[in-house]
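I have placed the structure first, in the form of structure tokens, so that the comments after it can refer back to it.
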Amino acid sequence: MWLEALGLLAGGLLGATIFLTVDYFISKETLVENVEDEYPDAFKLLIKEKKKNAVNVGIFDEDNEHLDDMEITSSKGVSKSLHKGQTIYV
């Protein structure tokens, strides 16, 4: 019973999205830097959504296991080279 409760709690924590606000233009390089800081085991990123000043990414490990989602927001904007569905290897 206790193990089930701990498993549900751990699963709930992994499903949370991290929100990060930065003070610079978001590019492929800055996405990789920010994700590496939070998730050293990250292998690739999938851009789930691109907005004018934010990017939502899914973070995956080498086994293609979904680690988490992250939204990075910037007052400076997002590079035009980034697009929804794009995969970026870390």
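Chain labels follow the order of the structure tokens: the first chain is A, the next B, and so on; residue numbering restarts at 1 in every chain, and ligands are counted from 1 in their shown order.
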
Using only C-alpha atoms, which residues sit within 12 Å of stretch 34-39 of chain A once same-chain residues fewer than 5 positions away are excluded, as a short mmCIF file (atom, residue, chain, number, x, y, z; two decimals) with C-alpha atoms, in the first residue's frame?
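Everything below was put into out.cif:
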data_model
loop_
_atom_site.label_atom_id
_atom_site.label_comp_id
_atom_site.auth_asym_id
_atom_site.auth_seq_id
_atom_site.Cartn_x
_atom_site.Cartn_y
_atom_site.Cartn_z
CA ILE A 18 8.97 23.34 -15.35
CA PHE A 19 8.62 27.03 -16.24
CA LEU A 20 11.75 29.05 -16.82
CA THR A 21 12.03 32.73 -17.73
CA VAL A 22 15.21 33.97 -19.37
CA TYR A 24 17.88 36.58 -23.75
CA ILE A 26 15.81 31.78 -27.33
CA SER A 27 17.77 29.79 -29.91
CA LYS A 28 18.71 26.14 -30.39
CA GLU A 29 21.87 26.68 -28.34
CA LYS A 44 17.01 15.06 -27.11
CA LEU A 45 14.34 17.75 -27.07
CA LEU A 46 11.09 17.85 -28.98
CA VAL A 55 8.96 27.49 -26.39
CA ASN A 56 7.50 24.31 -24.84
CA VAL A 57 9.77 21.29 -25.12
CA GLY A 58 9.53 17.63 -24.21
CA ILE A 59 12.73 16.21 -22.75
CA PHE A 60 13.80 12.63 -23.53
CA ASP A 61 16.70 10.38 -22.49
CA HIS A 66 9.98 11.08 -21.60
CA LEU A 67 11.66 12.78 -18.64
CA ASP A 68 9.60 15.95 -18.37
CA ASP A 69 8.27 19.04 -20.17
CA MET A 70 9.72 22.52 -19.88
CA GLU A 71 8.48 25.93 -20.97
CA ILE A 72 11.12 28.59 -21.53
CA THR A 73 9.89 32.17 -21.82
CA ILE A 88 17.12 18.86 -31.14
CA TYR A 89 19.85 16.54 -29.89
CA VAL A 90 21.64 17.65 -26.75
#

>> Give me, as a list in words, all polymer residues having an atom no more than 8 Å from A:Lys50, counting only C-alpha atoms and skipping those fewer than 6 positions away in the same chain.
In response: Asn56, Leu82, His83 and Lys84 of chain A

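Atom to atom, atom CA of A:Val78 and atom CA of A:Lys48 stand 14.0 Å apart.
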
>> Could you check the closest approach to A:Asp41 for each of A:Asn53, A:Glu62, A:Gly85, A:Ser75 and tell me which residue wins, using only C-alpha atoms?
In response: A:Glu62

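Straight-line separation from atom CA of A:Lys52 to atom CA of A:Thr87: 19.0 Å.
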
> Any idea what the distance is between atom CA of A:Ser79 and atom CA of A:Asn64?
Replying inline: 25.7 Å
